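Structure file run39.txt with compact mmCIF, C-alpha atoms and all ligand atoms:
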```
# COMPACT_ATOMS: atom_id res chain seq x y z
CA MET B 275 -5.42 -10.28 -17.88
CA LYS B 276 -5.43 -7.62 -15.15
CA VAL B 277 -7.30 -4.35 -15.50
CA LEU B 278 -6.37 -1.04 -13.87
CA VAL B 279 -8.78 1.90 -14.04
CA VAL B 280 -7.27 5.23 -12.97
CA LEU B 281 -9.94 7.80 -12.17
CA GLY B 282 -8.68 11.39 -12.00
CA ASP B 283 -11.68 13.13 -10.47
CA GLY B 284 -12.81 16.19 -12.43
CA MET B 285 -9.80 16.23 -14.83
CA ALA B 286 -11.85 17.17 -17.91
CA ASP B 287 -12.28 20.87 -18.63
CA GLU B 288 -12.71 23.47 -21.38
CA PRO B 289 -10.18 25.37 -23.53
CA LEU B 290 -8.82 28.25 -21.44
CA ALA B 291 -7.49 31.59 -22.66
CA GLU B 292 -4.80 31.56 -19.96
CA LEU B 293 -3.52 28.24 -21.38
CA GLY B 294 -3.44 29.58 -24.93
CA GLY B 295 -6.74 27.94 -25.86
CA LYS B 296 -5.75 24.55 -24.42
CA THR B 297 -7.59 22.57 -21.77
CA PRO B 298 -5.67 21.62 -18.59
CA LEU B 299 -5.35 18.03 -19.94
CA GLU B 300 -3.93 19.41 -23.21
CA TYR B 301 -1.59 21.81 -21.45
CA ALA B 302 -0.28 19.44 -18.77
CA ARG B 303 2.88 17.39 -19.38
CA THR B 304 1.54 13.83 -19.28
CA PRO B 305 4.05 11.41 -20.89
CA ASN B 306 2.37 8.38 -19.33
CA PHE B 307 -1.20 9.23 -20.34
CA ASP B 308 0.24 9.93 -23.82
CA ARG B 309 1.87 6.53 -23.94
CA ILE B 310 -1.41 4.81 -22.99
CA ALA B 311 -3.23 6.58 -25.84
CA ARG B 312 -0.37 5.91 -28.30
CA GLU B 313 -0.17 2.21 -27.44
CA GLY B 314 -3.97 1.95 -27.21
CA ALA B 315 -7.02 4.02 -28.09
CA CYS B 316 -9.31 6.80 -26.86
CA GLY B 317 -13.04 7.44 -26.64
CA MET B 318 -15.70 9.40 -24.80
CA VAL B 319 -18.03 8.18 -22.08
CA ARG B 320 -21.29 9.69 -20.90
CA THR B 321 -21.08 9.15 -17.13
CA ILE B 322 -24.10 11.26 -16.15
CA PRO B 323 -27.43 9.98 -17.53
CA PRO B 324 -29.85 12.73 -18.65
CA GLY B 325 -31.73 14.31 -15.76
CA PHE B 326 -29.14 13.45 -13.08
CA ASP B 327 -26.96 15.92 -11.18
CA ALA B 328 -23.35 15.90 -12.33
CA GLY B 329 -21.65 14.38 -9.30
CA SER B 330 -18.99 11.81 -8.51
CA ASP B 331 -21.65 9.56 -6.96
CA ILE B 332 -23.65 9.25 -10.21
CA ALA B 333 -20.58 9.17 -12.45
CA ASN B 334 -18.68 6.47 -10.57
CA LEU B 335 -21.76 4.28 -10.06
CA SER B 336 -22.21 4.40 -13.86
CA LEU B 337 -18.57 3.66 -14.58
CA LEU B 338 -18.57 0.70 -12.17
CA GLY B 339 -21.54 -0.72 -14.09
CA TYR B 340 -24.39 0.26 -11.74
CA ASP B 341 -27.06 2.20 -13.63
CA PRO B 342 -27.96 5.20 -11.41
CA ARG B 343 -31.53 5.04 -12.76
CA LYS B 344 -31.83 1.70 -11.01
CA TYR B 345 -29.50 1.92 -8.01
CA TYR B 346 -28.96 5.53 -6.95
CA THR B 347 -30.70 6.66 -3.74
CA GLY B 348 -28.37 9.49 -2.63
CA ARG B 349 -24.78 10.27 -1.73
CA GLY B 350 -25.33 9.99 2.04
CA PRO B 351 -25.99 6.22 2.22
CA LEU B 352 -22.96 5.49 0.00
CA GLU B 353 -20.69 7.40 2.39
CA ALA B 354 -22.38 5.85 5.44
CA ALA B 355 -21.28 2.42 4.18
CA SER B 356 -17.65 3.54 4.05
CA MET B 357 -17.81 5.23 7.44
CA GLY B 358 -19.19 2.08 9.04
CA VAL B 359 -22.41 3.84 10.07
CA PRO B 360 -25.15 1.19 10.07
CA LEU B 361 -28.44 2.23 8.46
CA GLY B 362 -31.81 0.74 9.35
CA GLU B 363 -34.24 0.07 6.52
CA ARG B 364 -36.18 3.29 7.11
CA ASP B 365 -33.19 5.52 7.94
CA ILE B 366 -32.11 8.37 5.67
CA ALA B 367 -28.42 9.27 5.57
CA TYR B 368 -27.43 12.77 4.42
CA ARG B 369 -23.98 14.05 3.53
CA CYS B 370 -23.43 16.84 6.04
CA ASN B 371 -20.82 19.43 4.99
CA LEU B 372 -19.11 21.80 7.37
CA VAL B 373 -19.41 25.12 5.53
CA THR B 374 -18.57 28.79 5.96
CA VAL B 375 -21.45 31.26 5.79
CA THR B 376 -20.84 35.01 5.96
CA GLU B 377 -23.78 37.39 6.27
CA GLY B 378 -26.21 34.80 4.93
CA VAL B 379 -24.02 33.91 1.91
CA LEU B 380 -22.34 30.52 1.50
CA VAL B 381 -18.72 31.46 0.90
CA ASP B 382 -17.04 28.04 1.24
CA PHE B 383 -18.59 24.56 0.84
CA SER B 384 -15.58 23.01 2.61
CA ALA B 385 -14.95 25.47 5.50
CA GLY B 386 -11.44 26.04 4.16
CA HIS B 387 -10.87 22.28 3.74
CA ILE B 388 -10.95 21.98 7.51
CA PRO B 389 -8.81 19.03 8.67
CA SER B 390 -10.58 16.05 10.27
CA SER B 391 -8.83 16.76 13.57
CA GLU B 392 -10.66 20.11 13.78
CA GLY B 393 -13.91 19.15 12.05
CA GLY B 394 -14.52 16.06 14.21
CA PRO B 395 -14.99 17.94 17.50
CA LEU B 396 -17.24 20.49 15.75
CA ILE B 397 -19.54 17.80 14.33
CA ARG B 398 -19.69 16.10 17.72
CA ALA B 399 -20.62 19.43 19.32
CA VAL B 400 -23.46 19.97 16.85
CA GLY B 401 -24.61 16.37 17.38
CA ALA B 402 -24.75 16.90 21.13
CA GLY B 403 -26.87 19.99 20.64
CA VAL B 404 -29.66 18.49 18.52
CA GLU B 405 -32.26 15.79 19.13
CA GLY B 406 -33.80 13.20 16.83
CA VAL B 407 -30.81 12.88 14.45
CA SER B 408 -27.27 11.53 14.75
CA LEU B 409 -24.14 13.20 13.36
CA HIS B 410 -20.98 11.30 12.42
CA PRO B 411 -17.56 12.86 11.73
CA GLY B 412 -16.01 11.86 8.39
CA VAL B 413 -12.98 13.06 6.43
CA SER B 414 -12.33 16.84 6.45
CA TYR B 415 -15.56 18.76 5.72
CA ARG B 416 -17.39 15.60 4.61
CA ASN B 417 -19.53 14.38 7.50
CA LEU B 418 -22.76 12.42 7.83
CA MET B 419 -26.17 12.93 9.38
CA VAL B 420 -28.75 10.18 9.87
CA VAL B 421 -32.48 10.82 10.28
CA PRO B 422 -34.11 7.69 11.73
CA ASN B 423 -37.38 6.84 9.96
CA GLY B 424 -36.75 9.78 7.63
CA GLU B 425 -38.53 10.68 4.42
CA GLY B 426 -35.79 12.37 2.43
CA ALA B 427 -35.86 15.98 1.22
CA GLU B 428 -35.01 18.20 -1.71
CA THR B 429 -31.56 19.64 -1.00
CA ALA B 430 -28.94 21.78 -2.75
CA PRO B 431 -25.33 20.58 -3.22
CA PRO B 432 -23.31 23.25 -1.37
CA HIS B 433 -20.57 23.36 -4.06
CA ASP B 434 -23.27 24.53 -6.50
CA ILE B 435 -24.45 27.50 -4.41
CA VAL B 436 -21.14 29.14 -3.46
CA GLY B 437 -21.59 32.93 -3.47
CA GLU B 438 -25.38 32.64 -3.10
CA ARG B 439 -27.74 33.36 -0.20
CA ILE B 440 -28.47 30.19 1.73
CA ASN B 441 -32.09 31.16 2.43
CA ALA B 442 -32.92 30.62 -1.24
CA HIS B 443 -31.58 27.05 -1.08
CA LEU B 444 -32.76 25.62 2.25
CA PRO B 445 -34.03 21.99 2.22
CA ARG B 446 -37.63 21.46 1.09
CA GLY B 447 -40.27 18.76 1.64
CA GLY B 448 -40.11 15.60 3.75
CA ASP B 449 -37.38 15.91 6.38
CA ALA B 450 -36.89 19.65 5.68
CA PRO B 451 -38.18 20.88 9.07
CA ILE B 452 -35.67 18.63 10.87
CA LEU B 453 -32.82 19.61 8.55
CA VAL B 454 -33.51 23.33 8.86
CA ARG B 455 -33.65 22.99 12.65
CA VAL B 456 -30.20 21.32 12.62
CA ILE B 457 -28.79 24.00 10.29
CA GLU B 458 -30.05 26.77 12.58
CA ARG B 459 -28.88 25.06 15.74
CA SER B 460 -25.42 24.44 14.21
CA ARG B 461 -24.94 28.20 13.82
CA GLU B 462 -25.42 28.79 17.54
CA VAL B 463 -23.32 25.81 18.63
CA LEU B 464 -20.41 26.48 16.23
CA ARG B 465 -20.12 30.24 16.79
CA ASP B 466 -18.12 29.98 20.03
CA GLN B 467 -16.17 26.77 19.52
CA PRO B 468 -12.45 27.17 20.36
CA VAL B 469 -11.54 25.48 17.04
CA ASN B 470 -13.32 28.24 15.14
CA ARG B 471 -11.84 31.05 17.22
CA GLU B 472 -8.38 29.65 16.52
CA ARG B 473 -9.11 29.29 12.80
CA ILE B 474 -10.22 32.92 12.58
CA ALA B 475 -7.12 34.03 14.53
CA ARG B 476 -4.96 32.16 11.97
CA GLY B 477 -6.79 33.85 9.10
CA GLN B 478 -8.63 30.64 8.13
CA ARG B 479 -12.32 30.25 7.41
CA PRO B 480 -14.41 29.07 10.37
CA ALA B 481 -16.76 26.09 10.02
CA ASN B 482 -19.78 28.01 11.25
CA MET B 483 -22.65 25.95 9.85
CA VAL B 484 -23.55 22.43 8.71
CA TRP B 485 -25.26 21.79 5.38
CA PRO B 486 -27.07 18.43 4.95
CA TRP B 487 -27.71 17.27 1.38
CA SER B 488 -28.23 14.27 -0.94
CA GLY B 489 -29.97 12.00 1.55
CA GLY B 490 -31.28 8.54 0.82
CA ARG B 491 -31.84 5.00 2.01
CA ARG B 492 -29.25 2.25 1.73
CA PRO B 493 -29.17 1.00 -1.90
CA ALA B 494 -29.00 -2.69 -2.81
CA LEU B 495 -26.13 -3.18 -5.30
CA PRO B 496 -25.59 -6.60 -6.88
CA PRO B 497 -22.07 -7.92 -6.19
CA PHE B 498 -19.34 -6.62 -8.51
CA ARG B 499 -18.17 -10.16 -9.20
CA ASP B 500 -21.65 -11.26 -10.33
CA LEU B 501 -21.96 -8.20 -12.56
CA HIS B 502 -18.55 -8.40 -14.25
CA GLY B 503 -17.25 -11.91 -13.53
CA VAL B 504 -13.99 -10.63 -11.99
CA SER B 505 -12.75 -9.68 -8.53
CA GLY B 506 -12.51 -5.95 -7.88
CA ALA B 507 -10.69 -3.65 -5.46
CA MET B 508 -10.92 0.09 -4.77
CA ILE B 509 -8.28 2.59 -3.69
CA SER B 510 -9.65 6.03 -2.83
CA ALA B 511 -9.28 8.59 -0.05
CA VAL B 512 -12.95 9.57 -0.13
CA ASP B 513 -15.81 7.80 1.62
CA LEU B 514 -18.09 8.11 -1.39
CA LEU B 515 -15.97 5.83 -3.59
CA ASN B 516 -15.12 3.44 -0.77
CA GLY B 517 -18.80 3.22 0.18
CA ILE B 518 -19.84 2.31 -3.37
CA ALA B 519 -17.11 -0.34 -3.38
CA LEU B 520 -18.17 -1.84 -0.04
CA LEU B 521 -21.84 -1.97 -1.08
CA ALA B 522 -20.70 -3.66 -4.32
CA GLY B 523 -18.70 -6.25 -2.40
CA MET B 524 -15.34 -4.98 -3.69
CA GLU B 525 -12.23 -4.99 -1.50
CA VAL B 526 -11.46 -1.54 -0.13
CA ILE B 527 -7.74 -0.88 0.30
CA ARG B 528 -7.01 2.08 2.59
CA VAL B 529 -3.76 3.88 1.84
CA PRO B 530 -2.10 5.82 4.67
CA GLY B 531 -1.29 9.37 3.54
CA ALA B 532 -4.15 9.53 1.01
CA THR B 533 -5.94 12.76 1.93
CA GLY B 534 -8.50 13.37 -0.82
CA TYR B 535 -6.83 16.75 -1.37
CA LEU B 536 -3.98 18.33 -3.35
CA ASP B 537 -1.36 17.04 -0.91
CA THR B 538 -2.27 13.34 -1.23
CA ASP B 539 0.61 10.81 -1.12
CA TYR B 540 0.90 9.66 -4.76
CA ALA B 541 3.89 7.41 -4.15
CA ALA B 542 1.99 5.47 -1.48
CA LYS B 543 -0.99 5.13 -3.80
CA ALA B 544 1.22 3.77 -6.59
CA ARG B 545 2.84 1.27 -4.22
CA TYR B 546 -0.49 -0.01 -2.86
CA ALA B 547 -1.93 -0.16 -6.38
CA THR B 548 0.94 -2.28 -7.66
CA GLU B 549 0.46 -4.66 -4.75
CA ALA B 550 -3.33 -4.82 -5.21
CA LEU B 551 -2.96 -5.68 -8.89
CA GLU B 552 -1.22 -8.90 -7.88
CA ARG B 553 -4.22 -9.97 -5.80
CA PHE B 554 -7.25 -8.70 -7.76
CA ASP B 555 -8.44 -8.88 -11.38
CA LEU B 556 -9.52 -5.25 -11.48
CA LEU B 557 -8.36 -2.23 -9.49
CA TYR B 558 -10.23 1.07 -9.50
CA LEU B 559 -7.75 3.74 -8.40
CA HIS B 560 -9.38 7.08 -7.63
CA VAL B 561 -7.59 10.43 -7.11
CA GLU B 562 -9.64 13.37 -5.89
CA ALA B 563 -7.09 16.19 -6.29
CA PRO B 564 -7.87 17.50 -9.83
CA ASP B 565 -11.53 17.98 -8.84
CA GLU B 566 -10.56 20.00 -5.77
CA ALA B 567 -8.34 22.21 -7.93
CA GLY B 568 -11.28 22.70 -10.31
CA HIS B 569 -13.54 23.76 -7.44
CA MET B 570 -10.87 26.25 -6.35
CA GLY B 571 -10.79 27.64 -9.88
CA SER B 572 -7.00 27.24 -9.86
CA VAL B 573 -5.52 26.47 -13.30
CA VAL B 574 -2.05 26.11 -11.81
CA GLU B 575 -3.14 23.57 -9.19
CA LYS B 576 -5.28 21.66 -11.70
CA VAL B 577 -2.41 21.25 -14.17
CA LYS B 578 -0.14 20.23 -11.28
CA ALA B 579 -2.69 17.68 -10.01
CA ILE B 580 -3.06 16.16 -13.51
CA GLU B 581 0.73 15.90 -13.86
CA ARG B 582 0.97 14.19 -10.48
CA VAL B 583 -1.69 11.63 -11.44
CA ASP B 584 0.32 11.04 -14.62
CA GLY B 585 3.47 10.53 -12.55
CA MET B 586 1.68 8.02 -10.33
CA VAL B 587 0.53 6.13 -13.44
CA GLY B 588 4.14 6.14 -14.69
CA THR B 589 5.36 4.57 -11.45
CA ILE B 590 2.77 1.80 -11.72
CA MET B 591 3.58 1.21 -15.40
CA GLU B 592 7.23 0.52 -14.55
CA THR B 593 6.17 -2.97 -13.46
CA TYR B 594 2.55 -3.36 -14.58
CA GLN B 595 1.94 -4.78 -18.07
CA GLY B 596 -1.86 -5.28 -18.06
CA ILE B 597 -4.76 -3.27 -19.42
CA ILE B 598 -4.85 0.28 -18.14
CA ALA B 599 -7.57 2.89 -18.56
CA VAL B 600 -7.36 6.54 -17.49
CA LEU B 601 -10.29 8.93 -17.30
CA PRO B 602 -12.11 11.57 -15.23
CA ASP B 603 -15.57 10.92 -13.81
CA HIS B 604 -16.96 14.30 -14.92
CA PRO B 605 -15.56 17.67 -15.97
CA THR B 606 -14.95 20.24 -13.20
CA PRO B 607 -14.27 23.25 -15.43
CA ILE B 608 -12.19 26.08 -13.99
CA ARG B 609 -14.68 28.53 -15.50
CA VAL B 610 -17.67 27.29 -13.47
CA LYS B 611 -15.80 25.79 -10.47
CA THR B 612 -18.28 22.95 -10.30
CA HIS B 613 -19.20 19.76 -12.15
CA THR B 614 -20.80 19.60 -15.58
CA PRO B 615 -22.61 16.56 -17.08
CA ASP B 616 -20.70 16.48 -20.40
CA PRO B 617 -19.14 13.23 -21.66
CA VAL B 618 -15.49 12.76 -20.64
CA PRO B 619 -12.50 11.44 -22.60
CA PHE B 620 -10.73 8.19 -21.78
CA ALA B 621 -7.61 6.38 -22.95
CA VAL B 622 -7.10 2.62 -22.77
CA ARG B 623 -4.04 0.51 -23.38
CA GLY B 624 -5.73 -2.70 -24.50
CA LEU B 625 -6.23 -4.38 -27.86
CA LEU B 626 -7.63 -1.49 -29.88
CA ARG B 627 -5.30 1.02 -31.63
CA ASP B 628 -6.70 4.18 -33.19
CA GLY B 629 -3.77 6.52 -33.86
CA THR B 630 -4.58 8.90 -30.99
CA SER B 631 -1.61 10.13 -29.02
CA ARG B 632 -2.94 11.93 -25.93
CA LEU B 633 -5.69 11.74 -23.31
CA THR B 634 -7.54 14.98 -24.06
CA GLU B 635 -11.08 16.13 -24.69
CA ARG B 636 -10.34 16.61 -28.43
CA GLU B 637 -8.48 13.31 -28.89
CA GLY B 638 -11.23 11.47 -26.99
CA ALA B 639 -13.85 12.84 -29.36
CA ARG B 640 -12.07 11.34 -32.39
CA GLY B 641 -11.11 8.13 -30.62
CA GLY B 642 -11.78 4.60 -31.84
CA TYR B 643 -14.18 3.69 -29.04
CA GLY B 644 -16.69 6.40 -30.02
CA THR B 645 -19.00 7.57 -27.24
CA LEU B 646 -19.98 4.95 -24.66
CA GLU B 647 -22.69 5.08 -22.01
CA GLY B 648 -21.27 4.95 -18.48
CA VAL B 649 -22.48 1.42 -17.75
CA GLU B 650 -20.88 0.17 -21.01
CA PHE B 651 -17.44 1.31 -19.92
CA LEU B 652 -16.21 -1.60 -17.75
CA PRO B 653 -17.71 -4.33 -19.96
CA THR B 654 -15.93 -2.69 -22.92
CA ILE B 655 -12.59 -2.49 -21.08
CA LEU B 656 -12.93 -6.03 -19.71
CA GLY B 657 -13.68 -7.18 -23.27
CA GLU B 658 -10.22 -5.92 -24.19
CA SER B 659 -8.66 -8.85 -22.37
CA GLY B 660 -9.99 -11.05 -25.19
ZN ZN R 1 -16.22 17.72 -7.14
```

Would it be possible to restate this file's structure as structure tokens?
Amino acid sequence: MKVLVVLGDGMADEPLAELGGKTPLEYARTPNFDRIAREGACGMVRTIPPGFDAGSDIANLSLLGYDPRKYYTGRGPLEAASMGVPLGERDIAYRCNLVTVTEGVLVDFSAGHIPSSEGGPLIRAVGAGVEGVSLHPGVSYRNLMVVPNGEGAETAPPHDIVGERINAHLPRGGDAPILVRVIERSREVLRDQPVNRERIARGQRPANMVWPWSGGRRPALPPFRDLHGVSGAMISAVDLLNGIALLAGMEVIRVPGATGYLDTDYAAKARYATEALERFDLLYLHVEAPDEAGHMGSVVEKVKAIERVDGMVGTIMETYQGIIAVLPDHPTPIRVKTHTPDPVPFAVRGLLRDGTSRLTEREGARGGYGTLEGVEFLPTILGESG
């Protein structure tokens, strides 16, 4: 029996006054999620172990069966794997955001979701202006910095310090002197770049600083097939998910038109997913858009993103008869515009029936699966194939 896991990044939320006390999942029109719950069952899953930051890195490692307590070293090395940046044993890879800072305050962790075509030259310019580290352009604002023979450092996720003064959150310990030097140098280099002048002229936010965070050494993940006894494939637009998959020995299927943003090509994703399900036992299909809408604090965009994920699931279900699970990796509540570590709801069309009828936070909490730990999720779902 085939297994499809659809991961709608950040879909879970809280009841909102503007939605009449409903959460975005409750408010959205999701006939396909509903059908999965009706023909199957719901539950909750704790994707973030106590003491860990609520991020997609931790949550998706857990859900794929890799206990973060054992395998997590940082977000940087996971993305390096996807970007094809080789890491030596002693190298530390940091995620390096392009950000917008105004008068010492971090106003945008994504520099206005700068497109790769504009961000790439900026990252290369910063890289040319610093010594002792290498910078690598990634997708949009998500770039990479490698410190050879590094030590790591305490860093702040930029999406958690929006609206705050950066001086209070600069890197500390270990590689901090190097990181701070790169941050300061990036200001000077980026100030007069033509790309930034044009962005400002168009009324867009300039990418006027880099922000390195979540560094670590390359982790050693046991192969997915050894762990779960099935072949696995990943479809995602973001390097983080693809990097985890590559390090786990899963097949990474790149879909043209998948942007990791609100405008991603859902039809293309559905088409590639349907094809992948013929070749692999398990497909992990990740969509980033609901999380981005959560970070924007936009209820309208979040509901729209959820409905589009539902539509994509509907397209796949036209031909796909196997087990299907839908869930977020973590909540990205509109109220806080960032991730929270609370358990998330899931719905599975498998063997179990529990009388639930929707994929929502409230239905999940009364679902037949109860509350699972993150690493129990895939074994539970795979067990549904009997
Ligand atoms: Zn996020």

Go through chain B residue by residue and, counting all atoms listed in the file, keep those with an atom at most 7 Å from ligand ZN 1 (chain R); for each kept residue give the shortest atom pair and its distance in Å to one decimal, ordered by chain and increasing number, as CSV.
```
residue,atom,partner,partner_atom,distance
B:Gly284,CA,R:ZN1,ZN,6.5
B:Gly329,CA,R:ZN1,ZN,6.7
B:Ser330,CA,R:ZN1,ZN,6.7
B:Asp565,CA,R:ZN1,ZN,5.0
B:Glu566,CA,R:ZN1,ZN,6.3
B:His569,CA,R:ZN1,ZN,6.6
B:Thr606,CA,R:ZN1,ZN,6.7
B:Thr612,CA,R:ZN1,ZN,6.4
B:His613,CA,R:ZN1,ZN,6.2
```

One residue among B:Ala541, B:Leu338, B:Leu352, B:Ala367 is nearest to Pro497 in chain B when using only C-alpha atoms, and that residue is B:Leu338

What's the 7 Å shell around Tyr546 in chain B, counting only C-alpha atoms, without same-chain residues fewer than 4 positions away, as a CSV table (one decimal) with C-alpha atoms, in the coordinates of the input?
```csv
chain,number,residue,atom,x,y,z
B,529,VAL,CA,-3.8,3.9,1.8
B,542,ALA,CA,2.0,5.5,-1.5
B,550,ALA,CA,-3.3,-4.8,-5.2
```

Quick one: distance from CA of Ala621 in chain B to CA of Leu495 in chain B in Å, one decimal?
27.3 Å

Can you work out which one of B:Gly424, B:Gly448, B:Pro617, B:Gly629 has the shortest atom-to-atom distance to Thr645 in chain B, counting only C-alpha atoms?
B:Pro617

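Residues surrounding Leu278 in chain B within 9 Å are B:Lys276, B:Val280, B:Ala547, B:Leu551, B:Asp555, B:Leu556, B:Leu557, B:Tyr558, B:Leu559, B:Gly596, B:Ile597, B:Ile598, B:Ala599, B:Val600 [all atoms listed in the file; sequence separation below 2 positions excluded].
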
So the first atom is CA of Gly477 in chain B and the second is CA of Asp382 in chain B; what is the distance between them in Å, to one decimal place?
14.2 Å

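Atom to atom, CA of Ser510 in chain B and CA of Pro323 in chain B stand 23.4 Å apart.
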
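Distances to Leu335 in chain B were evaluated for B:Val649, B:Ala475, B:Leu380, B:Val526 using all atoms listed in the file, and the minimum falls at B:Val649.
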
Counting only C-alpha atoms, note down every residue that has an atom within 12 Å of the point (-24.5, 16.5, 8.0) (file coordinates), as a PDB file with C-alpha atoms, in the coordinates of the input.
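Listed below is the output, part-v3.pdb:
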```pdb
ATOM      1  CA  ARG B 349     -24.780  10.270  -1.730  1.00  0.00           C
ATOM      2  CA  GLY B 350     -25.330   9.990   2.040  1.00  0.00           C
ATOM      3  CA  PRO B 351     -25.990   6.220   2.220  1.00  0.00           C
ATOM      4  CA  GLU B 353     -20.690   7.400   2.390  1.00  0.00           C
ATOM      5  CA  ALA B 354     -22.380   5.850   5.440  1.00  0.00           C
ATOM      6  CA  ILE B 366     -32.110   8.370   5.670  1.00  0.00           C
ATOM      7  CA  ALA B 367     -28.420   9.270   5.570  1.00  0.00           C
ATOM      8  CA  TYR B 368     -27.430  12.770   4.420  1.00  0.00           C
ATOM      9  CA  ARG B 369     -23.980  14.050   3.530  1.00  0.00           C
ATOM     10  CA  CYS B 370     -23.430  16.840   6.040  1.00  0.00           C
ATOM     11  CA  ASN B 371     -20.820  19.430   4.990  1.00  0.00           C
ATOM     12  CA  LEU B 372     -19.110  21.800   7.370  1.00  0.00           C
ATOM     13  CA  VAL B 373     -19.410  25.120   5.530  1.00  0.00           C
ATOM     14  CA  GLY B 393     -13.910  19.150  12.050  1.00  0.00           C
ATOM     15  CA  GLY B 394     -14.520  16.060  14.210  1.00  0.00           C
ATOM     16  CA  LEU B 396     -17.240  20.490  15.750  1.00  0.00           C
ATOM     17  CA  ILE B 397     -19.540  17.800  14.330  1.00  0.00           C
ATOM     18  CA  ARG B 398     -19.690  16.100  17.720  1.00  0.00           C
ATOM     19  CA  VAL B 400     -23.460  19.970  16.850  1.00  0.00           C
ATOM     20  CA  GLY B 401     -24.610  16.370  17.380  1.00  0.00           C
ATOM     21  CA  VAL B 404     -29.660  18.490  18.520  1.00  0.00           C
ATOM     22  CA  VAL B 407     -30.810  12.880  14.450  1.00  0.00           C
ATOM     23  CA  SER B 408     -27.270  11.530  14.750  1.00  0.00           C
ATOM     24  CA  LEU B 409     -24.140  13.200  13.360  1.00  0.00           C
ATOM     25  CA  HIS B 410     -20.980  11.300  12.420  1.00  0.00           C
ATOM     26  CA  PRO B 411     -17.560  12.860  11.730  1.00  0.00           C
ATOM     27  CA  GLY B 412     -16.010  11.860   8.390  1.00  0.00           C
ATOM     28  CA  TYR B 415     -15.560  18.760   5.720  1.00  0.00           C
ATOM     29  CA  ARG B 416     -17.390  15.600   4.610  1.00  0.00           C
ATOM     30  CA  ASN B 417     -19.530  14.380   7.500  1.00  0.00           C
ATOM     31  CA  LEU B 418     -22.760  12.420   7.830  1.00  0.00           C
ATOM     32  CA  MET B 419     -26.170  12.930   9.380  1.00  0.00           C
ATOM     33  CA  VAL B 420     -28.750  10.180   9.870  1.00  0.00           C
ATOM     34  CA  VAL B 421     -32.480  10.820  10.280  1.00  0.00           C
ATOM     35  CA  THR B 429     -31.560  19.640  -1.000  1.00  0.00           C
ATOM     36  CA  PRO B 431     -25.330  20.580  -3.220  1.00  0.00           C
ATOM     37  CA  PRO B 432     -23.310  23.250  -1.370  1.00  0.00           C
ATOM     38  CA  ILE B 452     -35.670  18.630  10.870  1.00  0.00           C
ATOM     39  CA  LEU B 453     -32.820  19.610   8.550  1.00  0.00           C
ATOM     40  CA  VAL B 454     -33.510  23.330   8.860  1.00  0.00           C
ATOM     41  CA  VAL B 456     -30.200  21.320  12.620  1.00  0.00           C
ATOM     42  CA  ILE B 457     -28.790  24.000  10.290  1.00  0.00           C
ATOM     43  CA  SER B 460     -25.420  24.440  14.210  1.00  0.00           C
ATOM     44  CA  MET B 483     -22.650  25.950   9.850  1.00  0.00           C
ATOM     45  CA  VAL B 484     -23.550  22.430   8.710  1.00  0.00           C
ATOM     46  CA  TRP B 485     -25.260  21.790   5.380  1.00  0.00           C
ATOM     47  CA  PRO B 486     -27.070  18.430   4.950  1.00  0.00           C
ATOM     48  CA  TRP B 487     -27.710  17.270   1.380  1.00  0.00           C
ATOM     49  CA  SER B 488     -28.230  14.270  -0.940  1.00  0.00           C
ATOM     50  CA  GLY B 489     -29.970  12.000   1.550  1.00  0.00           C
TER      51      GLY B 489
END
```

Per residue of range 420-497 of chain B within 9 Å of range 384-389 of chain B, which atom pair is closest and at what distance in Å (one decimal), using all atoms listed in the file, listed by chain and increasing number, as CSV?
```
residue,atom,partner,partner_atom,distance
B:Pro432,CA,B:Ser384,CA,8.7
B:His433,CA,B:Ser384,CA,8.3
B:Gln478,CA,B:Gly386,CA,6.7
B:Arg479,CA,B:Gly386,CA,5.4
B:Pro480,CA,B:Ala385,CA,6.1
B:Ala481,CA,B:Ala385,CA,4.9
B:Asn482,CA,B:Ala385,CA,7.9
B:Met483,CA,B:Ala385,CA,8.9
```

Taking all atoms listed in the file into account, which of B:Glu525, B:Asp287, B:Asp341, B:Glu438 comes nearest Ile322 in chain B?
B:Asp341

All residues 9 Å or closer to Gly644 in chain B, all atoms listed in the file, same chain fewer than 4 positions away omitted, as a list in words:
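Here the answer would be Cys316, Gly317, Met318, Val319, Gly638, Ala639 and Arg640 of chain B.
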
Given only C-alpha atoms as the counted atoms, nearest of B:Arg609, B:Gly568, B:Arg623, B:Tyr535 to Ile655 in chain B:
B:Arg623

Which residues come within 7 Å of range 492-494 of chain B, counting all atoms listed in the file, excluding same-chain residues fewer than 6 positions away, as a list of chain:residue names?
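Selected residues are B:Tyr345, B:Tyr346, B:Thr347, B:Pro351, B:Leu361.
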
Given the choices B:Met508, B:Leu646, B:Ile440, B:Met285, which gets closest to Glu300 in chain B if the distance is worked out from only C-alpha atoms?
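Looking at the shortest contact to Glu300 in chain B, the residue is B:Met285.
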
Could you pull out every residue with an atom within 12 Å of (-4.3, 11.1, -30.5), file coordinates, counting all atoms listed in the file, and send them as a PyMOL selection string?
chain B and resi 300+307-317+619-622+627-642
